[in-house]
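> Just so it is clear, I am handing over model-v9.csv, which has CSV, C-alpha atoms.
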chain,number,residue,atom,x,y,z
R,1,MET,CA,-74.2,281.9,68.3
R,2,SER,CA,-77.5,280.1,68.2
R,3,LYS,CA,-79.5,280.3,65.0
R,4,PHE,CA,-82.5,282.6,64.6
R,5,ARG,CA,-85.8,280.8,64.8
R,6,VAL,CA,-88.2,281.0,61.9
R,7,VAL,CA,-91.8,279.6,61.5
R,8,HIS,CA,-93.1,279.1,58.0
R,9,TYR,CA,-96.8,279.3,57.0
R,10,ILE,CA,-97.9,277.4,53.9
R,11,ASN,CA,-101.1,276.0,52.4
R,12,GLN,CA,-102.1,272.4,51.9
R,13,TYR,CA,-100.7,272.3,48.4
R,14,PHE,CA,-97.2,273.4,49.2
R,15,GLY,CA,-97.5,271.5,52.5
R,16,GLN,CA,-97.7,268.4,50.3
R,17,ILE,CA,-101.0,267.3,51.7
R,18,GLY,CA,-103.1,267.7,48.5
R,19,GLY,CA,-104.7,270.0,46.0
R,20,GLU,CA,-108.1,271.5,45.9
R,21,GLU,CA,-109.7,268.4,47.4
R,22,LYS,CA,-107.7,269.0,50.6
R,23,ALA,CA,-108.3,272.8,50.7
R,24,ASN,CA,-110.7,272.3,53.6
R,25,ILE,CA,-108.2,270.9,56.1
R,26,PRO,CA,-107.7,272.9,59.4
R,27,PRO,CA,-104.3,274.0,60.4
R,28,SER,CA,-101.7,271.5,61.5
R,29,CYS,CA,-98.1,271.8,62.5
R,30,LYS,CA,-94.9,270.0,61.6
R,31,GLU,CA,-91.5,270.4,63.1
R,32,GLY,CA,-88.8,271.6,60.7
R,33,PRO,CA,-89.2,272.7,57.0
R,34,VAL,CA,-91.7,271.3,54.5
R,35,GLY,CA,-91.9,271.8,50.8
R,36,PRO,CA,-90.6,275.3,49.9
R,37,GLY,CA,-89.2,275.4,53.4
R,38,MET,CA,-86.4,273.1,52.1
R,39,ALA,CA,-85.4,275.7,49.6
R,40,PHE,CA,-85.4,278.4,52.3
R,41,LYS,CA,-83.2,276.2,54.4
R,42,ALA,CA,-80.5,276.5,51.8
R,43,VAL,CA,-80.8,280.3,51.7
R,44,LEU,CA,-81.0,280.8,55.5
R,45,GLY,CA,-77.8,278.7,55.9
R,46,ASN,CA,-76.2,278.7,59.3
R,47,GLU,CA,-77.8,281.9,60.4
R,48,ALA,CA,-81.5,281.0,60.7
R,49,GLU,CA,-83.6,277.8,60.7
R,50,ILE,CA,-87.2,276.9,60.1
R,51,VAL,CA,-88.1,275.3,63.3
R,52,ALA,CA,-91.7,274.6,62.4
R,53,THR,CA,-94.1,274.7,59.5
R,54,ILE,CA,-97.8,275.5,59.9
R,55,ILE,CA,-100.0,274.1,57.1
R,56,CYS,CA,-103.6,275.1,56.5
R,57,GLY,CA,-106.1,274.5,53.7
R,58,ASP,CA,-106.9,277.7,51.8
R,59,SER,CA,-110.6,277.2,51.9
R,60,TRP,CA,-110.7,276.3,55.6
R,61,PHE,CA,-108.7,279.5,56.3
R,62,ALA,CA,-111.0,281.7,54.2
R,63,GLU,CA,-114.2,280.2,55.6
R,64,ASN,CA,-113.1,280.3,59.2
R,65,LEU,CA,-111.0,283.5,59.2
R,66,ASP,CA,-111.1,284.5,62.8
R,67,GLU,CA,-110.7,281.0,64.2
R,68,ALA,CA,-108.0,280.3,61.6
R,69,LYS,CA,-106.0,283.4,62.6
R,70,ALA,CA,-106.3,282.6,66.3
R,71,LYS,CA,-105.3,278.9,65.8
R,72,VAL,CA,-102.3,279.7,63.6
R,73,VAL,CA,-101.1,282.4,65.8
R,74,GLU,CA,-101.3,280.1,68.8
R,75,MET,CA,-99.3,277.4,67.0
R,76,ILE,CA,-96.7,279.9,65.9
R,77,ALA,CA,-96.4,281.5,69.3
R,78,GLN,CA,-95.4,278.2,71.0
R,79,TYR,CA,-92.2,278.0,68.8
R,80,LYS,CA,-91.1,281.5,70.0
R,81,PRO,CA,-89.9,282.5,66.5
R,82,ASP,CA,-87.8,285.6,65.8
R,83,LEU,CA,-89.5,285.9,62.4
R,84,VAL,CA,-92.4,284.3,60.4
R,85,ILE,CA,-92.3,283.6,56.7
R,86,THR,CA,-95.7,283.1,54.9
R,87,GLY,CA,-95.9,281.7,51.4
R,88,PRO,CA,-94.8,282.7,48.8
R,89,ALA,CA,-98.4,282.8,47.4
R,90,PHE,CA,-97.7,284.1,43.9
R,91,ASN,CA,-101.1,285.0,42.4
R,92,ALA,CA,-103.2,282.5,44.4
R,93,GLY,CA,-105.9,284.7,45.9
R,94,ARG,CA,-107.1,282.6,48.9
R,95,TYR,CA,-103.5,281.6,49.7
R,96,GLY,CA,-102.3,285.2,49.5
R,97,THR,CA,-105.2,286.4,51.6
R,98,ALA,CA,-104.3,283.7,54.2
R,99,CYS,CA,-100.6,284.6,54.1
R,100,GLY,CA,-101.6,288.3,54.7
R,101,ALA,CA,-104.1,287.6,57.5
R,102,VAL,CA,-101.4,285.5,59.3
R,103,ALA,CA,-99.0,288.3,58.8
R,104,GLU,CA,-101.5,290.8,60.3
R,105,ALA,CA,-102.2,288.6,63.3
R,106,VAL,CA,-98.5,287.8,63.9
R,107,SER,CA,-97.3,291.3,63.6
R,108,GLN,CA,-100.1,292.8,65.7
R,109,GLU,CA,-100.5,290.2,68.4
R,110,LEU,CA,-97.0,288.7,68.7
R,111,GLU,CA,-95.1,291.7,67.4
R,112,ILE,CA,-92.9,289.5,65.3
R,113,PRO,CA,-91.8,290.6,61.9
R,114,VAL,CA,-93.2,288.8,58.8
R,115,VAL,CA,-91.7,288.3,55.4
R,116,SER,CA,-94.0,287.1,52.6
R,117,GLY,CA,-94.0,286.8,48.8
R,118,MET,CA,-96.8,287.6,46.4
R,119,TYR,CA,-97.6,288.7,42.9
R,120,PRO,CA,-98.4,292.5,43.2
R,121,GLU,CA,-102.0,291.9,41.9
R,122,ASN,CA,-102.7,289.2,44.5
R,123,PRO,CA,-105.6,290.7,46.6
R,124,GLY,CA,-103.7,289.7,49.7
R,125,ALA,CA,-100.9,292.1,48.8
R,126,GLU,CA,-103.2,295.1,48.7
R,127,MET,CA,-105.1,294.1,51.8
R,128,TYR,CA,-102.2,293.2,54.1
R,129,ARG,CA,-99.1,295.0,52.7
R,130,ARG,CA,-98.9,297.1,55.9
R,131,PHE,CA,-98.3,294.1,58.0
R,132,ALA,CA,-95.4,292.3,56.2
R,133,LEU,CA,-92.5,292.8,53.9
R,134,ILE,CA,-94.1,291.2,50.9
R,135,VAL,CA,-91.5,290.4,48.3
R,136,GLU,CA,-92.8,290.9,44.8
R,137,THR,CA,-92.9,287.6,43.0
R,138,GLY,CA,-94.0,286.2,39.6
R,139,ASP,CA,-97.6,285.0,39.3
R,140,ASN,CA,-97.1,281.3,39.6
R,141,ALA,CA,-95.0,278.6,41.3
R,142,ALA,CA,-92.5,278.6,38.5
R,143,ALA,CA,-91.2,281.8,40.1
R,144,MET,CA,-90.3,279.9,43.3
R,145,ARG,CA,-86.7,279.8,42.3
R,146,LYS,CA,-86.4,283.5,42.3
R,147,ALA,CA,-88.8,284.2,45.2
R,148,VAL,CA,-87.1,282.1,47.8
R,149,PRO,CA,-83.7,283.7,47.6
R,150,ALA,CA,-85.2,287.2,47.6
R,151,MET,CA,-87.5,286.4,50.6
R,152,GLY,CA,-84.7,284.6,52.5
R,153,LYS,CA,-82.2,287.4,52.0
R,154,LEU,CA,-84.7,290.0,53.2
R,155,ALA,CA,-85.6,287.8,56.2
R,156,LEU,CA,-81.9,287.6,57.2
R,157,LYS,CA,-81.6,291.3,56.9
R,158,VAL,CA,-84.5,291.8,59.2
R,159,LEU,CA,-83.3,289.2,61.7
R,160,LYS,CA,-79.9,290.8,61.9
R,161,GLY,CA,-81.4,294.2,62.4
R,162,GLU,CA,-79.9,295.6,59.3
R,163,GLN,CA,-81.2,298.9,57.9
R,164,LEU,CA,-83.7,298.3,55.1
R,165,GLY,CA,-83.5,300.3,51.9
R,166,THR,CA,-86.6,301.5,50.0
R,167,PRO,CA,-89.2,299.0,48.8
R,168,LYS,CA,-87.7,299.4,45.4
R,169,GLU,CA,-84.2,298.7,46.5
R,170,GLU,CA,-85.2,295.7,48.6
R,171,GLY,CA,-87.8,294.3,46.2
R,172,TYR,CA,-90.8,294.3,48.5
R,173,ILE,CA,-94.3,295.8,48.0
R,174,PRO,CA,-94.5,299.3,49.6
R,175,ARG,CA,-96.1,299.2,53.0
R,176,GLY,CA,-97.3,302.8,52.8
R,177,ILE,CA,-94.7,303.9,55.4
R,178,ARG,CA,-93.1,307.3,54.9
R,179,GLU,CA,-89.8,308.0,56.5
R,180,ASN,CA,-87.9,311.2,56.9
R,181,TYR,CA,-84.5,311.5,55.4
R,182,PHE,CA,-82.0,314.2,54.3
R,183,ALA,CA,-82.0,314.5,50.5
R,184,PRO,CA,-78.9,316.0,48.9
R,185,ASP,CA,-81.1,318.4,46.8
R,186,ARG,CA,-84.0,320.6,47.9
R,187,GLY,CA,-87.5,319.7,46.7
R,188,SER,CA,-87.7,322.3,43.9
R,189,LYS,CA,-84.5,321.0,42.3
R,190,ARG,CA,-85.7,317.4,42.6
R,191,ALA,CA,-89.0,318.4,41.0
R,192,VAL,CA,-87.3,320.2,38.1
R,193,ASP,CA,-84.8,317.3,37.6
R,194,MET,CA,-87.8,315.0,37.4
R,195,LEU,CA,-89.5,317.2,34.9
R,196,VAL,CA,-86.4,317.4,32.7
R,197,ALA,CA,-86.0,313.7,32.8
R,198,LYS,CA,-89.6,313.2,31.8
R,199,LEU,CA,-89.3,315.7,28.9
R,200,LYS,CA,-86.2,313.8,27.7
R,201,GLY,CA,-88.1,310.6,27.9
R,202,GLU,CA,-85.7,309.3,30.6
R,203,GLU,CA,-86.7,307.2,33.5
R,204,PHE,CA,-87.7,309.0,36.7
R,205,HIS,CA,-89.4,308.0,40.0
R,206,THR,CA,-92.1,310.0,41.6
R,207,GLU,CA,-91.5,310.6,45.3
R,208,TYR,CA,-95.3,310.6,46.0
R,209,PRO,CA,-97.2,308.1,44.0
R,210,MET,CA,-100.9,308.7,43.7
R,211,PRO,CA,-103.2,306.2,45.4
R,212,GLN,CA,-104.5,303.6,42.9
R,213,PHE,CA,-108.2,304.0,42.1
R,214,ASP,CA,-110.0,301.0,40.8
R,215,ARG,CA,-112.4,301.0,37.9
R,216,VAL,CA,-115.8,299.3,37.9
R,217,ASP,CA,-118.0,298.5,34.9
R,218,PRO,CA,-120.9,300.9,34.6
R,219,ASN,CA,-124.3,299.5,35.8
R,220,PRO,CA,-127.0,299.2,33.2
R,221,ALA,CA,-129.3,302.1,32.8
R,222,VAL,CA,-132.4,302.3,35.0
R,223,ALA,CA,-135.2,301.1,32.7
R,224,ASP,CA,-138.0,303.2,34.1
R,225,ILE,CA,-136.9,306.0,36.4
R,226,SER,CA,-140.6,306.8,37.2
R,227,LYS,CA,-140.8,303.5,39.0
R,228,ALA,CA,-137.3,303.6,40.6
R,229,LYS,CA,-136.6,303.9,44.2
R,230,ILE,CA,-133.7,306.4,44.4
R,231,GLY,CA,-131.3,306.9,47.3
R,232,LEU,CA,-129.3,310.0,48.2
R,233,VAL,CA,-125.7,309.7,49.4
R,234,THR,CA,-123.2,312.5,49.9
R,235,SER,CA,-119.6,313.1,50.8
R,236,GLY,CA,-120.6,316.7,51.5
R,237,GLY,CA,-121.2,316.1,55.2
R,238,ILE,CA,-124.9,316.9,55.4
R,239,VAL,CA,-126.1,315.8,58.8
R,240,PRO,CA,-129.1,316.6,61.1
R,241,LYS,CA,-128.5,319.8,63.0
R,242,GLY,CA,-126.1,319.2,65.8
R,243,ASN,CA,-124.2,316.4,64.0
R,244,PRO,CA,-125.6,313.7,66.3
R,245,ASP,CA,-123.0,311.0,65.2
R,246,HIS,CA,-120.1,313.5,65.6
R,247,ILE,CA,-118.8,312.9,62.1
R,248,GLU,CA,-115.4,314.5,62.0
R,249,SER,CA,-114.9,317.6,59.9
R,250,SER,CA,-111.9,316.0,58.2
R,251,SER,CA,-110.5,312.4,57.9
R,252,ALA,CA,-114.0,311.1,58.8
R,253,SER,CA,-113.9,307.8,60.6
R,254,LYS,CA,-117.5,306.9,59.9
R,255,PHE,CA,-120.6,307.7,57.9
R,256,GLY,CA,-124.1,308.4,59.1
R,257,LYS,CA,-127.5,307.1,58.0
R,258,TYR,CA,-130.4,309.5,58.5
R,259,ASP,CA,-134.2,309.3,58.2
R,260,LEU,CA,-135.9,311.5,55.7
R,261,ASP,CA,-139.4,310.3,56.6
R,262,GLY,CA,-141.8,313.3,56.6
R,263,ILE,CA,-139.0,315.7,55.5
R,264,VAL,CA,-139.8,317.6,52.4
R,265,ASN,CA,-137.2,320.3,52.6
R,266,LEU,CA,-133.9,320.7,54.4
R,267,THR,CA,-133.6,324.0,56.3
R,268,ALA,CA,-131.1,325.9,58.5
R,269,GLU,CA,-133.2,324.6,61.5
R,270,THR,CA,-133.0,320.9,60.6
R,271,HIS,CA,-129.7,320.3,58.8
R,272,GLN,CA,-126.2,321.5,58.5
R,273,THR,CA,-122.9,320.4,57.1
R,274,ALA,CA,-120.1,318.7,59.2
R,275,HIS,CA,-117.6,319.2,56.4
R,276,GLY,CA,-114.5,321.2,57.3
R,277,GLY,CA,-113.0,321.5,53.9
R,278,TYR,CA,-115.3,324.0,52.2
R,279,ASP,CA,-117.1,327.2,53.3
R,280,PRO,CA,-120.1,325.9,55.2
R,281,VAL,CA,-122.2,329.0,55.0
R,282,TYR,CA,-124.3,328.1,52.0
R,283,ALA,CA,-124.9,324.5,53.1
R,284,ASN,CA,-125.8,325.6,56.6
R,285,GLN,CA,-128.3,328.1,55.2
R,286,ASP,CA,-129.9,325.5,53.0
R,287,ALA,CA,-128.6,321.9,52.9
R,288,ASP,CA,-130.7,321.2,49.8
R,289,ARG,CA,-127.8,322.9,48.0
R,290,VAL,CA,-125.8,319.8,48.7
R,291,LEU,CA,-128.4,317.1,49.2
R,292,PRO,CA,-131.4,317.9,46.9
R,293,VAL,CA,-134.2,316.6,49.2
R,294,ASP,CA,-136.7,319.3,48.3
R,295,VAL,CA,-136.5,318.6,44.5
R,296,MET,CA,-136.5,314.8,45.0
R,297,ARG,CA,-139.8,315.2,47.0
R,298,ASP,CA,-141.3,317.3,44.3
R,299,LEU,CA,-140.3,314.7,41.6
R,300,GLU,CA,-141.7,311.9,43.8
R,301,LYS,CA,-145.0,313.7,44.2
R,302,GLU,CA,-145.2,314.4,40.5
R,303,GLY,CA,-144.5,310.7,39.7
R,304,LYS,CA,-141.3,311.5,37.9
R,305,ILE,CA,-139.5,309.1,40.1
R,306,GLY,CA,-140.9,306.1,41.9
R,307,SER,CA,-139.8,307.1,45.4
R,308,LEU,CA,-137.1,308.7,47.4
R,309,HIS,CA,-135.5,306.1,49.7
R,310,ARG,CA,-136.3,306.7,53.3
R,311,TYR,CA,-132.7,307.1,54.5
R,312,TYR,CA,-129.8,309.1,53.2
R,313,TYR,CA,-126.2,308.4,53.9
R,314,ALA,CA,-123.5,311.0,54.5
R,315,THR,CA,-119.8,311.2,55.3
R,316,VAL,CA,-117.2,314.0,55.1
R,317,GLY,CA,-115.0,313.6,52.1
R,318,ASN,CA,-112.2,315.8,53.4
R,319,GLY,CA,-108.8,314.1,53.8
R,320,THR,CA,-110.7,310.8,54.1
R,321,SER,CA,-108.4,308.0,53.1
R,322,VAL,CA,-109.3,306.0,49.9
R,323,ALA,CA,-109.3,302.8,52.0
R,324,ASN,CA,-111.9,304.2,54.4
R,325,ALA,CA,-114.0,305.7,51.7
R,326,LYS,CA,-114.0,302.3,49.9
R,327,ARG,CA,-115.1,300.6,53.1
R,328,TYR,CA,-118.0,303.1,53.7
R,329,ALA,CA,-119.1,302.8,50.1
R,330,ALA,CA,-119.2,299.0,50.3
R,331,GLU,CA,-121.3,299.0,53.5
R,332,ILE,CA,-123.6,301.7,52.2
R,333,ALA,CA,-124.1,300.0,48.9
R,334,GLN,CA,-124.9,296.7,50.6
R,335,GLU,CA,-127.6,298.4,52.7
R,336,LEU,CA,-129.0,300.2,49.7
R,337,LYS,CA,-129.2,296.9,47.8
R,338,ASN,CA,-130.8,295.1,50.8
R,339,ASP,CA,-133.4,297.9,50.9
R,340,GLY,CA,-134.3,297.5,47.2
R,341,VAL,CA,-132.9,300.9,46.1
R,342,ASP,CA,-132.7,301.0,42.3
R,343,ALA,CA,-130.4,303.9,41.8
R,344,VAL,CA,-128.3,306.4,43.8
R,345,ILE,CA,-127.5,310.1,43.3
R,346,LEU,CA,-124.2,310.8,44.9
R,347,THR,CA,-123.4,314.4,45.5
R,348,SER,CA,-119.9,315.7,46.4
R,349,THR,CA,-118.6,319.1,47.3
G,12,MET,CA,-122.9,315.1,40.8
G,13,CYS,CA,-119.7,317.1,41.4
G,14,THR,CA,-118.1,320.4,40.6
G,15,ILE,CA,-114.5,319.2,40.1
G,16,VAL,CA,-115.1,316.7,37.3
G,17,PRO,CA,-111.4,315.7,37.0
G,18,ILE,CA,-111.6,314.3,40.5
G,19,SER,CA,-114.7,312.2,39.7
G,20,LEU,CA,-112.9,311.0,36.6
G,21,THR,CA,-109.8,310.1,38.6
G,22,VAL,CA,-111.7,308.1,41.3
G,23,GLY,CA,-113.6,306.2,38.6
G,24,ALA,CA,-117.2,307.5,38.6
G,25,ASN,CA,-119.1,306.3,35.5
G,26,ARG,CA,-121.9,308.8,35.2
G,27,ILE,CA,-120.8,312.3,36.0
G,28,VAL,CA,-123.0,315.4,36.1
G,29,PRO,CA,-121.1,318.7,36.6
G,30,THR,CA,-122.5,321.0,39.2
G,31,VAL,CA,-122.3,324.7,40.2
G,32,ALA,CA,-119.6,325.2,42.9
G,33,ILE,CA,-117.8,323.3,45.6
G,34,PRO,CA,-119.7,324.8,48.6
G,35,HIS,CA,-123.1,324.7,46.8
G,36,PRO,CA,-123.0,322.0,44.1
G,37,LEU,CA,-126.8,322.0,43.7
G,38,GLY,CA,-127.6,325.7,44.3
G,39,ASN,CA,-126.6,329.3,43.7
G,40,PRO,CA,-127.1,331.6,46.7
G,41,GLU,CA,-127.0,334.6,44.4
G,42,LEU,CA,-130.3,333.6,42.8
G,43,PRO,CA,-133.7,334.3,44.2
G,44,ALA,CA,-135.0,331.2,46.0
G,45,GLU,CA,-137.4,330.1,43.2
G,46,GLU,CA,-134.8,330.3,40.5
G,47,GLU,CA,-132.3,328.5,42.7
G,48,LYS,CA,-134.7,325.6,43.1
G,49,ALA,CA,-135.4,325.5,39.4
G,50,LEU,CA,-131.6,325.3,38.8
G,51,ARG,CA,-131.4,322.4,41.3
G,52,ARG,CA,-134.3,320.7,39.6
G,53,ARG,CA,-132.6,321.0,36.2
G,54,LEU,CA,-129.4,319.4,37.7
G,55,VAL,CA,-131.3,316.6,39.4
G,56,ASN,CA,-133.2,315.9,36.2
G,57,LYS,CA,-129.9,315.7,34.4
G,58,ALA,CA,-128.7,313.1,36.9
G,59,LEU,CA,-131.9,311.1,36.5
G,60,ARG,CA,-131.3,311.2,32.7
G,61,ALA,CA,-127.8,310.0,33.3
G,62,LEU,CA,-129.1,307.1,35.3
G,63,SER,CA,-131.5,306.2,32.5
G,64,THR,CA,-128.8,306.3,29.9
G,65,GLU,CA,-126.6,303.3,28.9
G,66,VAL,CA,-122.9,304.1,29.1
G,67,ASP,CA,-120.0,301.9,28.2
G,68,GLY,CA,-117.4,303.8,30.2
G,69,GLN,CA,-116.9,307.0,32.1
G,70,THR,CA,-119.3,309.6,30.8
G,71,VAL,CA,-119.7,313.3,31.6
G,72,PHE,CA,-123.2,314.6,31.0
G,73,GLU,CA,-122.5,318.1,30.0
G,74,ASP,CA,-126.0,319.1,28.8
Show this structure as structure tokens.

Amino acid sequence: MSKFRVVHYINQYFGQIGGEEKANIPPSCKEGPVGPGMAFKAVLGNEAEIVATIICGDSWFAENLDEAKAKVVEMIAQYKPDLVITGPAFNAGRYGTACGAVAEAVSQELEIPVVSGMYPENPGAEMYRRFALIVETGDNAAAMRKAVPAMGKLALKVLKGEQLGTPKEEGYIPRGIRENYFAPDRGSKRAVDMLVAKLKGEEFHTEYPMPQFDRVDPNPAVADISKAKIGLVTSGGIVPKGNPDHIESSSASKFGKYDLDGIVNLTAETHQTAHGGYDPVYANQDADRVLPVDVMRDLEKEGKIGSLHRYYYATVGNGTSVANAKRYAAEIAQELKNDGVDAVILTST
Amino acid sequence: MCTIVPISLTVGANRIVPTVAIPHPLGNPELPAEEEKALRRRLVNKALRALSTEVDGQTVFED
């Protein structure tokens, strides 16, 4: 039987080209294994071989993301691999991000499975865990000795089409995939068993981990609110009547930006809610109950605030994924900053 | 500004002003219009005060 074909992606450092001073080299390609690829060779044995190694500088990749992905995918494709290995990147942020971006492009465009290795806190793990089996590694290259056998073993399992266990069993970072299975006990019993274990101080594993929310340091106080330009943002779905952007009533795929110029009061004729997760009667009667435009205009007129920002932003926070919410927030915050807004009142329902 | 304060705490908001109810956080349809607006103004003023206050972690502005 012929060996499975594997292509390996590594950075300039592990590719033995150089350190930070070589981080700006574009991708290049070498036949056979290089650097950590030699260690993989031992683990893959007679069953698979690294036919080529793609090496790219971390900075070059980060600064030319789209071009880098396209070039690397093109190089990988010409070797017709059965699987791609990226890294391991440990806790190197740019390298991890590059390993993840390659995994995304390879899995989406070439539909080839990818095995990678990262420290769980590597930003690349959070960003790209959906696209690769990312083996959990230590935070620096000293962990190579452990990472390579774990990654190699998992790669062989995938290549041979063997059934994978849970992320915990296999040692990779959860991809966020839920799979149905028949549990020996019904849910109520499993829940009570878990509770009993918890009460006894024994180890237990939740079946549904909560999403991880990040924390940010509080911004400093606004020095003089009477001079501040204040923006309004809501997850309560307040939109101009008719919902012109068709923001979905749940799992919103977008946010809207709406002009408040000349508007001193929201009414049943001008505004409504698009939110499908709470009784809309009160917001449809008077959307100020969710987005306090009337009061903000009064305060503006009285000089209690500097001004109300001309645009407000709205989405529907109903079943909206944390990842999407984060993305909307980042875009909205950037626009508000560009427009010189000093502070924001965020209302939620 | 939110009604379910534990959610705001969970997602990491730093300045939190509790509000009236989920479908009308900044209003109360049972009140006459003028009183309702006065209630909304009190809540917005509280939010402005929160924005003008230094905090060193998540803070709920109860009063």
> I need the chain R residues near chain G as a ChimeraX atom specification; criterion: at most 8 Å, counting all atoms listed in the file.
/R:213-218,220-225,278-280,282-283,288-292,295-296,343,345-349
> Report, in Å to a single decimal, how far apart CA of Lys157 in chain R and CA of Val6 in chain R are.
13.2 Å
> Counting all atoms listed in the file, what is within 8 Å of range 168-176 of chain R, bar same-chain residues fewer than 3 positions away, as a ChimeraX atom specification?
/R:120,125,129-136,150,154,164-165
> Could you name the residues that touch Ser107 in chain R at 10 Å or less, counting all atoms listed in the file, but leaving out those on the same chain fewer than 2 positions away, as a list of chain:residue names?
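Result of the neighbour search: R:Val73, R:Leu83, R:Val84, R:Ala101, R:Val102, R:Ala103, R:Glu104, R:Ala105, R:Glu109, R:Leu110, R:Glu111, R:Ile112, R:Pro113, R:Val114, R:Arg130, R:Phe131, R:Ala132.
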> One decimal, Å: what's the distance from CA of Lys227 in chain R over to CA of Val341 in chain R, could you say?
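These atoms are spaced 10.9 Å apart.
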> Go through R:Gly117, R:Pro27, R:Gly32, R:Gly161 one by one, measure the shortest atom-to-atom distance of each to Asp82 in chain R using all atoms listed in the file, and give the residue with the smallest value.
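Ranking R:Gly117, R:Pro27, R:Gly32, R:Gly161 by distance to Asp82 in chain R, first place goes to R:Gly161.
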> Give me, please, the distance in Å between CA of Met151 in chain R and CA of Ser116 in chain R, quoted to one decimal.
6.8 Å
> Pick out the residues sitting within 9 Å of Tyr311 in chain R, and hand them over as a list in words; count only C-alpha atoms, and ignore anything fewer than 3 positions along from it in its own chain.
Gly231, Leu232, Lys257, Tyr258, Asp259, Leu260, Asp261 and Leu308 of chain R
> Any chance you could export range 94-110 of chain R with N, CA and C atoms, as a short mmCIF file (atom, residue, chain, number, x, y, z; two decimals), in the first residue's frame?

data_model
loop_
_atom_site.label_atom_id
_atom_site.label_comp_id
_atom_site.auth_asym_id
_atom_site.auth_seq_id
_atom_site.Cartn_x
_atom_site.Cartn_y
_atom_site.Cartn_z
N ARG R 94 1.45 35.09 16.11
CA ARG R 94 1.41 35.24 14.65
C ARG R 94 1.49 33.87 13.98
N TYR R 95 2.36 33.03 14.53
CA TYR R 95 2.53 31.69 13.94
C TYR R 95 1.22 30.89 14.08
N GLY R 96 0.60 30.97 15.25
CA GLY R 96 -0.66 30.25 15.48
C GLY R 96 -1.75 30.75 14.56
N THR R 97 -1.79 32.07 14.38
CA THR R 97 -2.80 32.63 13.49
C THR R 97 -2.57 32.17 12.06
N ALA R 98 -1.29 32.13 11.66
CA ALA R 98 -0.98 31.65 10.30
C ALA R 98 -1.35 30.18 10.16
N CYS R 99 -1.00 29.36 11.16
CA CYS R 99 -1.35 27.93 11.12
C CYS R 99 -2.86 27.75 11.00
N GLY R 100 -3.60 28.60 11.72
CA GLY R 100 -5.06 28.52 11.69
C GLY R 100 -5.62 28.98 10.36
N ALA R 101 -5.06 30.07 9.83
CA ALA R 101 -5.55 30.59 8.54
C ALA R 101 -5.28 29.59 7.42
N VAL R 102 -4.12 28.92 7.47
CA VAL R 102 -3.83 27.89 6.48
C VAL R 102 -4.84 26.75 6.63
N ALA R 103 -5.13 26.39 7.87
CA ALA R 103 -6.10 25.32 8.12
C ALA R 103 -7.46 25.68 7.56
N GLU R 104 -7.86 26.94 7.78
CA GLU R 104 -9.16 27.37 7.26
C GLU R 104 -9.20 27.26 5.74
N ALA R 105 -8.16 27.79 5.09
CA ALA R 105 -8.15 27.80 3.63
C ALA R 105 -8.09 26.38 3.07
N VAL R 106 -7.27 25.53 3.68
CA VAL R 106 -7.11 24.16 3.19
C VAL R 106 -8.40 23.38 3.38
N SER R 107 -9.02 23.53 4.56
CA SER R 107 -10.23 22.73 4.81
C SER R 107 -11.40 23.24 3.98
N GLN R 108 -11.46 24.55 3.75
CA GLN R 108 -12.59 25.10 3.00
C GLN R 108 -12.40 24.94 1.49
N GLU R 109 -11.20 25.24 1.00
CA GLU R 109 -11.01 25.26 -0.45
C GLU R 109 -10.59 23.92 -1.01
N LEU R 110 -9.74 23.19 -0.29
CA LEU R 110 -9.27 21.90 -0.81
C LEU R 110 -10.01 20.73 -0.18
#
